[in-house]
Amino acid sequence: MAYSEKLLDHFKNPKNVGTLDKSKNTVGTGLVGAPECGDVMRLQIEVDSETNIIKDAKFKTFGCGSAIASSSLATEWLKGKSIDDALEIDNMAIVEELALPPVKIHCSVLAEDAIKSAIADYKGKNQ
Amino acid sequence: MSKDRLIYLDNNATTPVDPRVVDTMLPFFHEIPGNAASRNHPFGWKAEEAVDYAREQIANLIHADSKEIIFTSGATEGDNLAIKGVYEMYSRKGNHIITCTTEHKAVLDTCKKIEKSGGEVTYLEVKPDGLIDLEQLEAAITDKTILVSIMFANNETGVIQPMKEIGEICAKHGVLFMSDATQAVGKIPVNPKELGIHLMAFTSHKMYGPKGVGALFVNRKNPRVKVTAQLDGGGHERGMRSGTLNVPGIVGMGKAAEIAKNEMDAEFKRLSILRDKLEAGFKEKLEEVYVNGNTEHRMPHVTNISFKHVEGEGLMMTFNQNIAVSSGSACTSASLEPSYVLKALGLGDDLAHSSIRFSLGRFTTEEDIDFALEAVSKGVTHMRDLSPIWEMYKEGIDLDAVEWAEH
């Protein structure tokens, strides 16, 4: 299976790998997937509570190259977005950007789930 | 990593054709073009002579009579012919077949087809080391059992089943014993008569011969075994397998068998040393490395290793520009199911998803192993730096206690 240059670049040089302090109220954490399924994605956002803008995003992913590239791309897209705009990110946009083959579409779905889950966690903390 | 270095450690998928085999085959494409079944001219005679010679070479490798070698297109066809052929030929005797869960799909799917047509199949579970339980095997035999089909050596783990003991159980109960010996023939001593094997499928392209040709050993004496042909036609191969013989392929397989026999002892030792070096190297460089399957009863050239908390397919992507291996993870399929063979060993899905199979071969050098050790270890470290579950494991979190959002 030949992968796109963009996908390979995100895989080899993933952006925003790391961990944010999940105990902080400004940080939302999404942990989706399961080791049994072959992929686990943890995506974290740090939000400016004044403006609702995502200041920082980090990820760690256990999974195939497409899962890693999808999460790396998602963190890139999240930074600088308002949380409302972030909720609009659609998995198909990730599929297009990385030219994911059909068997890998679930990786983009997982990334979208991780974004939504991280935002829900943030909102839950700041009701 | 250098761009041009390419290392092949996927010899269980297929082996490169030995150049000596290629040289032997070449005249049979143009200079000697005959059909081995043409009995009335020198072209046919020469082709037949070459096929007879190859049959001898192959029979010699497995200590059989050349009349017991039936040429096929490969092991998948051999498995199909043996199992379906026995099922049809011995239908008056019974309809029950025993096999095991770690067999190749060519055996498992053939058995499923037989179940659909009214046969009964018992799929024996394997122990955590990959070996079948002989007591379970014996207990599964009924008065309807006609065939036991157990593979010689597993393609994913290299684990070798206790063939002699299985043969004795089959003999005791008067049941035919068939073995898919694809991964074993040419690499370790295989003697079906001594082991009580009545039918044995194998193929040329796993022993440095060409693809598209294989053989089925069919025992001729005590008992004389027969199989119902699965292809109708000219009645070649003692009526068991019609179709014009693939003369260049057969000549190549014969030469490959001869070379394998001559070089087996030295290769066995050389490959065991390299394989052990690879395993020891990973264990020295990395934490949480597990070798899957029995490490005593196994092939010299294969190792199946789980690098915990790293997904195999992703790991492969870190080095697959330079090193070819196989992964037990099947994240490419919609089901996300990892290897059924590893799961049958009782491995958790997480470890099965983390596995890589390294299969060495005749053209593997020590430098290849050193290079692979370096590159794969680097890949594992890279992937673990990216892995949330590695981080959780390092923090001492019990991963089994986590409620995963399964999808």
# chains A, B, ... in the order shown; residues from 1 in each chain; ligands from 1
>>> interface_residues(of="chain A", to="chain B", cutoff="8 Å", atoms="only C-alpha atoms", output="tab-separated table (two decimals) with C-alpha atoms, in the first residue's frame")
chain	number	residue	atom	x	y	z
A	12	LYS	CA	7.99	10.15	10.60
A	17	VAL	CA	3.66	14.62	20.59
A	18	GLY	CA	3.39	14.84	24.33
A	31	LEU	CA	-8.75	8.82	25.28
A	32	VAL	CA	-10.39	6.68	22.61
A	33	GLY	CA	-9.87	3.22	21.19
A	34	ALA	CA	-8.63	0.10	22.95
A	35	PRO	CA	-5.41	-1.92	22.87
A	36	GLU	CA	-7.43	-4.97	21.75
A	37	CYS	CA	-8.55	-3.09	18.65
A	38	GLY	CA	-5.00	-2.15	17.74
A	39	ASP	CA	-5.34	1.56	18.28
A	40	VAL	CA	-5.53	3.92	21.24
A	41	MET	CA	-5.47	7.68	20.75
A	42	ARG	CA	-4.99	10.21	23.50
A	60	LYS	CA	0.04	10.17	21.89
A	61	THR	CA	-1.19	7.28	19.78
A	62	PHE	CA	-0.72	3.53	19.83
A	63	GLY	CA	-1.59	2.36	16.37
A	64	CYS	CA	-0.71	2.07	12.73
A	65	GLY	CA	0.87	4.80	10.62
A	103	VAL	CA	-9.32	0.46	4.95
A	104	LYS	CA	-7.86	3.25	7.06
>>> select_by_dssp(residues="range 65-172 of chain B", states="strand (DSSP E)", output="ChimeraX atom specification")
/B:69-72,96-100,120-124,145-149
>>> residues_around(residues="range 52-61 of chain B", least_positions_apart="6", cutoff="12 Å", atoms="only C-alpha atoms", output="ChimeraX atom specification")
/B:21,24-25,36-37,45-46,67-71,184-193,200,202-204,207,209,213-219,237,245-264
>>> select_by_dssp(residues="chain A", states="helix (DSSP H, G or I)", output="ChimeraX atom specification")
/A:5-12,35-37,65-78,83-86,91-98,102-125
>>> atom_distance(atom1="CA of Pro162 in chain B", atom2="CA of Gly85 in chain B")
24.6 Å
>>> closest_residue(among="A:Lys58, A:Gln127, A:Asp48, A:Ala67", to="Lys81 in chain A", atoms="only C-alpha atoms")
A:Asp48
>>> atom_distance(atom1="CA of Thr102 in chain B", atom2="CA of Val325 in chain B")
19.9 Å
>>> residues_around(residues="Leu124 in chain B", least_positions_apart="5", cutoff="8 Å", atoms="only C-alpha atoms", output="PyMOL selection string")
chain B and resi 98-101+132+136-137
>>> write_last_selection(atoms="C-alpha atoms", output="PDB file, in the first residue's frame")
ATOM      1  CA  ILE B  98      -9.632 -33.575  12.847  1.00  0.00           C
ATOM      2  CA  THR B  99      -7.410 -30.548  12.414  1.00  0.00           C
ATOM      3  CA  CYS B 100      -6.272 -27.657  14.609  1.00  0.00           C
ATOM      4  CA  THR B 101      -6.984 -23.955  14.943  1.00  0.00           C
ATOM      5  CA  ILE B 132      -1.504 -29.532  20.160  1.00  0.00           C
ATOM      6  CA  GLN B 136      -7.185 -34.234  23.157  1.00  0.00           C
ATOM      7  CA  LEU B 137      -6.329 -35.497  19.713  1.00  0.00           C
TER       8      LEU B 137
END
>>> atom_distance(atom1="CA of Ala86 in chain A", atom2="CA of Leu7 in chain A")
21.0 Å
>>> residues_around(residues="Leu9 in chain B", least_positions_apart="3", cutoff="8 Å", atoms="only C-alpha atoms", output="list in words")
Ile323, Ala324, Val325, Phe358, Ser359, Leu360, Gly361 and Thr364 of chain B
>>> write_last_selection(atoms="N, CA and C atoms", output="mmCIF file, in the first residue's frame")
data_model
loop_
_atom_site.group_PDB
_atom_site.id
_atom_site.type_symbol
_atom_site.label_atom_id
_atom_site.label_comp_id
_atom_site.auth_asym_id
_atom_site.auth_seq_id
_atom_site.Cartn_x
_atom_site.Cartn_y
_atom_site.Cartn_z
ATOM 1 N N ILE B 323 13.653 -2.906 5.511
ATOM 2 C CA ILE B 323 13.583 -4.282 6.004
ATOM 3 C C ILE B 323 12.183 -4.837 5.767
ATOM 4 N N ALA B 324 12.120 -6.019 5.183
ATOM 5 C CA ALA B 324 10.837 -6.664 4.917
ATOM 6 C C ALA B 324 10.575 -7.737 5.963
ATOM 7 N N VAL B 325 9.483 -7.584 6.703
ATOM 8 C CA VAL B 325 9.046 -8.600 7.673
ATOM 9 C C VAL B 325 7.527 -8.708 7.571
ATOM 10 N N PHE B 358 9.914 -12.430 12.036
ATOM 11 C CA PHE B 358 11.165 -12.345 11.285
ATOM 12 C C PHE B 358 11.444 -13.745 10.758
ATOM 13 N N SER B 359 11.518 -13.918 9.453
ATOM 14 C CA SER B 359 11.883 -15.236 8.933
ATOM 15 C C SER B 359 13.122 -15.106 8.063
ATOM 16 N N LEU B 360 14.187 -15.759 8.536
ATOM 17 C CA LEU B 360 15.498 -15.671 7.889
ATOM 18 C C LEU B 360 15.600 -16.701 6.783
ATOM 19 N N GLY B 361 16.608 -16.566 5.957
ATOM 20 C CA GLY B 361 16.755 -17.520 4.864
ATOM 21 C C GLY B 361 18.195 -17.690 4.424
ATOM 22 N N THR B 364 20.332 -14.616 4.042
ATOM 23 C CA THR B 364 20.439 -13.684 5.166
ATOM 24 C C THR B 364 21.863 -13.729 5.717
#
>>> residues_around(residues="Pro16 in chain B", least_positions_apart="5", cutoff="8 Å", atoms="only C-alpha atoms", output="NGL selection string")
:B and (11 or 205 or 208-209)
>>> residues_around(residues="Ser326 in chain B", least_positions_apart="4", cutoff="7 Å", atoms="only C-alpha atoms", output="MDAnalysis selection string")
chainID B and resid 10 356:358
>>> decode(residues="range 18-68 of chain A", atoms="N, CA and C atoms", output="PDB file, in the first residue's frame")
ATOM      1  N   GLY A  18       3.117  14.531  22.934  1.00  0.00           N
ATOM      2  CA  GLY A  18       3.389  14.836  24.327  1.00  0.00           C
ATOM      3  C   GLY A  18       2.182  14.744  25.225  1.00  0.00           C
ATOM      4  N   THR A  19       2.337  15.280  26.414  1.00  0.00           N
ATOM      5  CA  THR A  19       1.341  15.126  27.460  1.00  0.00           C
ATOM      6  C   THR A  19       1.100  16.481  28.119  1.00  0.00           C
ATOM      7  N   LEU A  20      -0.155  16.848  28.277  1.00  0.00           N
ATOM      8  CA  LEU A  20      -0.520  18.048  29.036  1.00  0.00           C
ATOM      9  C   LEU A  20      -0.995  17.602  30.414  1.00  0.00           C
ATOM     10  N   ASP A  21      -0.962  18.525  31.345  1.00  0.00           N
ATOM     11  CA  ASP A  21      -1.361  18.193  32.720  1.00  0.00           C
ATOM     12  C   ASP A  21      -2.880  18.056  32.809  1.00  0.00           C
ATOM     13  N   LYS A  22      -3.332  16.836  32.875  1.00  0.00           N
ATOM     14  CA  LYS A  22      -4.779  16.611  32.772  1.00  0.00           C
ATOM     15  C   LYS A  22      -5.537  17.058  34.024  1.00  0.00           C
ATOM     16  N   SER A  23      -4.802  17.371  35.097  1.00  0.00           N
ATOM     17  CA  SER A  23      -5.496  17.821  36.310  1.00  0.00           C
ATOM     18  C   SER A  23      -5.905  19.303  36.208  1.00  0.00           C
ATOM     19  N   LYS A  24      -5.317  20.014  35.229  1.00  0.00           N
ATOM     20  CA  LYS A  24      -5.667  21.431  35.092  1.00  0.00           C
ATOM     21  C   LYS A  24      -7.063  21.594  34.491  1.00  0.00           C
ATOM     22  N   ASN A  25      -7.786  22.600  34.980  1.00  0.00           N
ATOM     23  CA  ASN A  25      -9.131  22.837  34.471  1.00  0.00           C
ATOM     24  C   ASN A  25      -9.141  23.315  33.032  1.00  0.00           C
ATOM     25  N   THR A  26      -8.031  23.889  32.587  1.00  0.00           N
ATOM     26  CA  THR A  26      -7.974  24.406  31.216  1.00  0.00           C
ATOM     27  C   THR A  26      -7.637  23.299  30.208  1.00  0.00           C
ATOM     28  N   VAL A  27      -7.367  22.105  30.704  1.00  0.00           N
ATOM     29  CA  VAL A  27      -6.963  21.004  29.815  1.00  0.00           C
ATOM     30  C   VAL A  27      -8.108  19.994  29.664  1.00  0.00           C
ATOM     31  N   GLY A  28      -8.390  19.642  28.418  1.00  0.00           N
ATOM     32  CA  GLY A  28      -9.373  18.581  28.145  1.00  0.00           C
ATOM     33  C   GLY A  28      -8.654  17.375  27.553  1.00  0.00           C
ATOM     34  N   THR A  29      -8.988  16.182  28.029  1.00  0.00           N
ATOM     35  CA  THR A  29      -8.313  14.965  27.551  1.00  0.00           C
ATOM     36  C   THR A  29      -9.322  14.006  26.926  1.00  0.00           C
ATOM     37  N   GLY A  30      -9.003  13.506  25.759  1.00  0.00           N
ATOM     38  CA  GLY A  30      -9.824  12.468  25.114  1.00  0.00           C
ATOM     39  C   GLY A  30      -8.986  11.222  24.941  1.00  0.00           C
ATOM     40  N   LEU A  31      -9.463  10.097  25.463  1.00  0.00           N
ATOM     41  CA  LEU A  31      -8.752   8.820  25.281  1.00  0.00           C
ATOM     42  C   LEU A  31      -9.728   7.867  24.607  1.00  0.00           C
ATOM     43  N   VAL A  32      -9.463   7.542  23.355  1.00  0.00           N
ATOM     44  CA  VAL A  32     -10.389   6.683  22.606  1.00  0.00           C
ATOM     45  C   VAL A  32      -9.659   5.471  22.034  1.00  0.00           C
ATOM     46  N   GLY A  33     -10.452   4.453  21.707  1.00  0.00           N
ATOM     47  CA  GLY A  33      -9.875   3.222  21.185  1.00  0.00           C
ATOM     48  C   GLY A  33      -9.536   2.270  22.312  1.00  0.00           C
ATOM     49  N   ALA A  34      -8.987   1.115  21.960  1.00  0.00           N
ATOM     50  CA  ALA A  34      -8.634   0.098  22.947  1.00  0.00           C
ATOM     51  C   ALA A  34      -7.454  -0.708  22.413  1.00  0.00           C
ATOM     52  N   PRO A  35      -6.572  -1.136  23.326  1.00  0.00           N
ATOM     53  CA  PRO A  35      -5.413  -1.919  22.869  1.00  0.00           C
ATOM     54  C   PRO A  35      -5.829  -3.156  22.065  1.00  0.00           C
ATOM     55  N   GLU A  36      -6.954  -3.759  22.447  1.00  0.00           N
ATOM     56  CA  GLU A  36      -7.429  -4.974  21.754  1.00  0.00           C
ATOM     57  C   GLU A  36      -7.775  -4.689  20.302  1.00  0.00           C
ATOM     58  N   CYS A  37      -8.165  -3.434  20.021  1.00  0.00           N
ATOM     59  CA  CYS A  37      -8.552  -3.087  18.651  1.00  0.00           C
ATOM     60  C   CYS A  37      -7.345  -2.655  17.825  1.00  0.00           C
ATOM     61  N   GLY A  38      -6.187  -2.533  18.486  1.00  0.00           N
ATOM     62  CA  GLY A  38      -4.997  -2.150  17.741  1.00  0.00           C
ATOM     63  C   GLY A  38      -4.797  -0.662  17.626  1.00  0.00           C
ATOM     64  N   ASP A  39      -5.670   0.134  18.204  1.00  0.00           N
ATOM     65  CA  ASP A  39      -5.343   1.561  18.284  1.00  0.00           C
ATOM     66  C   ASP A  39      -5.949   2.258  19.496  1.00  0.00           C
ATOM     67  N   VAL A  40      -5.126   3.093  20.109  1.00  0.00           N
ATOM     68  CA  VAL A  40      -5.534   3.921  21.240  1.00  0.00           C
ATOM     69  C   VAL A  40      -4.994   5.320  20.962  1.00  0.00           C
ATOM     70  N   MET A  41      -5.873   6.306  21.023  1.00  0.00           N
ATOM     71  CA  MET A  41      -5.475   7.680  20.754  1.00  0.00           C
ATOM     72  C   MET A  41      -5.743   8.509  21.997  1.00  0.00           C
ATOM     73  N   ARG A  42      -4.740   9.257  22.431  1.00  0.00           N
ATOM     74  CA  ARG A  42      -4.995  10.208  23.502  1.00  0.00           C
ATOM     75  C   ARG A  42      -4.712  11.602  22.964  1.00  0.00           C
ATOM     76  N   LEU A  43      -5.738  12.430  22.954  1.00  0.00           N
ATOM     77  CA  LEU A  43      -5.598  13.781  22.427  1.00  0.00           C
ATOM     78  C   LEU A  43      -5.959  14.763  23.522  1.00  0.00           C
ATOM     79  N   GLN A  44      -5.108  15.769  23.691  1.00  0.00           N
ATOM     80  CA  GLN A  44      -5.350  16.753  24.761  1.00  0.00           C
ATOM     81  C   GLN A  44      -5.332  18.162  24.195  1.00  0.00           C
ATOM     82  N   ILE A  45      -6.211  19.010  24.750  1.00  0.00           N
ATOM     83  CA  ILE A  45      -6.227  20.417  24.342  1.00  0.00           C
ATOM     84  C   ILE A  45      -6.074  21.296  25.585  1.00  0.00           C
ATOM     85  N   GLU A  46      -5.428  22.422  25.387  1.00  0.00           N
ATOM     86  CA  GLU A  46      -5.394  23.409  26.456  1.00  0.00           C
ATOM     87  C   GLU A  46      -6.098  24.652  25.927  1.00  0.00           C
ATOM     88  N   VAL A  47      -7.122  25.103  26.669  1.00  0.00           N
ATOM     89  CA  VAL A  47      -8.008  26.150  26.159  1.00  0.00           C
ATOM     90  C   VAL A  47      -7.805  27.438  26.953  1.00  0.00           C
ATOM     91  N   ASP A  48      -7.778  28.575  26.232  1.00  0.00           N
ATOM     92  CA  ASP A  48      -7.774  29.885  26.888  1.00  0.00           C
ATOM     93  C   ASP A  48      -9.204  30.158  27.348  1.00  0.00           C
ATOM     94  N   SER A  49      -9.420  30.176  28.668  1.00  0.00           N
ATOM     95  CA  SER A  49     -10.797  30.227  29.162  1.00  0.00           C
ATOM     96  C   SER A  49     -11.481  31.569  28.883  1.00  0.00           C
ATOM     97  N   GLU A  50     -10.691  32.609  28.590  1.00  0.00           N
ATOM     98  CA  GLU A  50     -11.283  33.909  28.252  1.00  0.00           C
ATOM     99  C   GLU A  50     -11.919  33.857  26.858  1.00  0.00           C
ATOM    100  N   THR A  51     -11.133  33.311  25.916  1.00  0.00           N
ATOM    101  CA  THR A  51     -11.526  33.411  24.504  1.00  0.00           C
ATOM    102  C   THR A  51     -12.102  32.107  23.945  1.00  0.00           C
ATOM    103  N   ASN A  52     -11.985  31.023  24.719  1.00  0.00           N
ATOM    104  CA  ASN A  52     -12.367  29.701  24.215  1.00  0.00           C
ATOM    105  C   ASN A  52     -11.537  29.244  23.000  1.00  0.00           C
ATOM    106  N   ILE A  53     -10.347  29.788  22.883  1.00  0.00           N
ATOM    107  CA  ILE A  53      -9.446  29.388  21.786  1.00  0.00           C
ATOM    108  C   ILE A  53      -8.497  28.291  22.307  1.00  0.00           C
ATOM    109  N   ILE A  54      -8.252  27.309  21.457  1.00  0.00           N
ATOM    110  CA  ILE A  54      -7.334  26.226  21.839  1.00  0.00           C
ATOM    111  C   ILE A  54      -5.901  26.718  21.666  1.00  0.00           C
ATOM    112  N   LYS A  55      -5.188  26.826  22.786  1.00  0.00           N
ATOM    113  CA  LYS A  55      -3.830  27.371  22.760  1.00  0.00           C
ATOM    114  C   LYS A  55      -2.815  26.302  22.386  1.00  0.00           C
ATOM    115  N   ASP A  56      -3.083  25.094  22.855  1.00  0.00           N
ATOM    116  CA  ASP A  56      -2.108  24.032  22.642  1.00  0.00           C
ATOM    117  C   ASP A  56      -2.846  22.708  22.478  1.00  0.00           C
ATOM    118  N   ALA A  57      -2.222  21.808  21.769  1.00  0.00           N
ATOM    119  CA  ALA A  57      -2.801  20.466  21.608  1.00  0.00           C
ATOM    120  C   ALA A  57      -1.658  19.466  21.573  1.00  0.00           C
ATOM    121  N   LYS A  58      -1.862  18.325  22.212  1.00  0.00           N
ATOM    122  CA  LYS A  58      -0.827  17.279  22.232  1.00  0.00           C
ATOM    123  C   LYS A  58      -1.499  15.919  22.019  1.00  0.00           C
ATOM    124  N   PHE A  59      -0.695  14.989  21.522  1.00  0.00           N
ATOM    125  CA  PHE A  59      -1.276  13.649  21.371  1.00  0.00           C
ATOM    126  C   PHE A  59      -0.232  12.576  21.663  1.00  0.00           C
ATOM    127  N   LYS A  60      -0.748  11.402  21.959  1.00  0.00           N
ATOM    128  CA  LYS A  60       0.044  10.170  21.889  1.00  0.00           C
ATOM    129  C   LYS A  60      -0.874   9.098  21.334  1.00  0.00           C
ATOM    130  N   THR A  61      -0.356   8.305  20.425  1.00  0.00           N
ATOM    131  CA  THR A  61      -1.187   7.279  19.784  1.00  0.00           C
ATOM    132  C   THR A  61      -0.450   5.960  19.701  1.00  0.00           C
ATOM    133  N   PHE A  62      -1.165   4.907  20.072  1.00  0.00           N
ATOM    134  CA  PHE A  62      -0.716   3.530  19.829  1.00  0.00           C
ATOM    135  C   PHE A  62      -1.513   3.072  18.617  1.00  0.00           C
ATOM    136  N   GLY A  63      -0.833   2.782  17.538  1.00  0.00           N
ATOM    137  CA  GLY A  63      -1.592   2.361  16.370  1.00  0.00           C
ATOM    138  C   GLY A  63      -0.743   2.342  15.126  1.00  0.00           C
ATOM    139  N   CYS A  64      -1.410   2.156  13.995  1.00  0.00           N
ATOM    140  CA  CYS A  64      -0.709   2.067  12.725  1.00  0.00           C
ATOM    141  C   CYS A  64      -0.306   3.469  12.259  1.00  0.00           C
ATOM    142  N   GLY A  65       0.384   3.534  11.146  1.00  0.00           N
ATOM    143  CA  GLY A  65       0.869   4.801  10.619  1.00  0.00           C
ATOM    144  C   GLY A  65      -0.258   5.787  10.361  1.00  0.00           C
ATOM    145  N   SER A  66      -1.385   5.302   9.859  1.00  0.00           N
ATOM    146  CA  SER A  66      -2.503   6.193   9.543  1.00  0.00           C
ATOM    147  C   SER A  66      -3.108   6.782  10.809  1.00  0.00           C
ATOM    148  N   ALA A  67      -3.148   6.004  11.865  1.00  0.00           N
ATOM    149  CA  ALA A  67      -3.709   6.490  13.127  1.00  0.00           C
ATOM    150  C   ALA A  67      -2.794   7.569  13.704  1.00  0.00           C
ATOM    151  N   ILE A  68      -1.496   7.339  13.615  1.00  0.00           N
ATOM    152  CA  ILE A  68      -0.545   8.320  14.140  1.00  0.00           C
ATOM    153  C   ILE A  68      -0.604   9.614  13.318  1.00  0.00           C
TER     154      ILE A  68
END
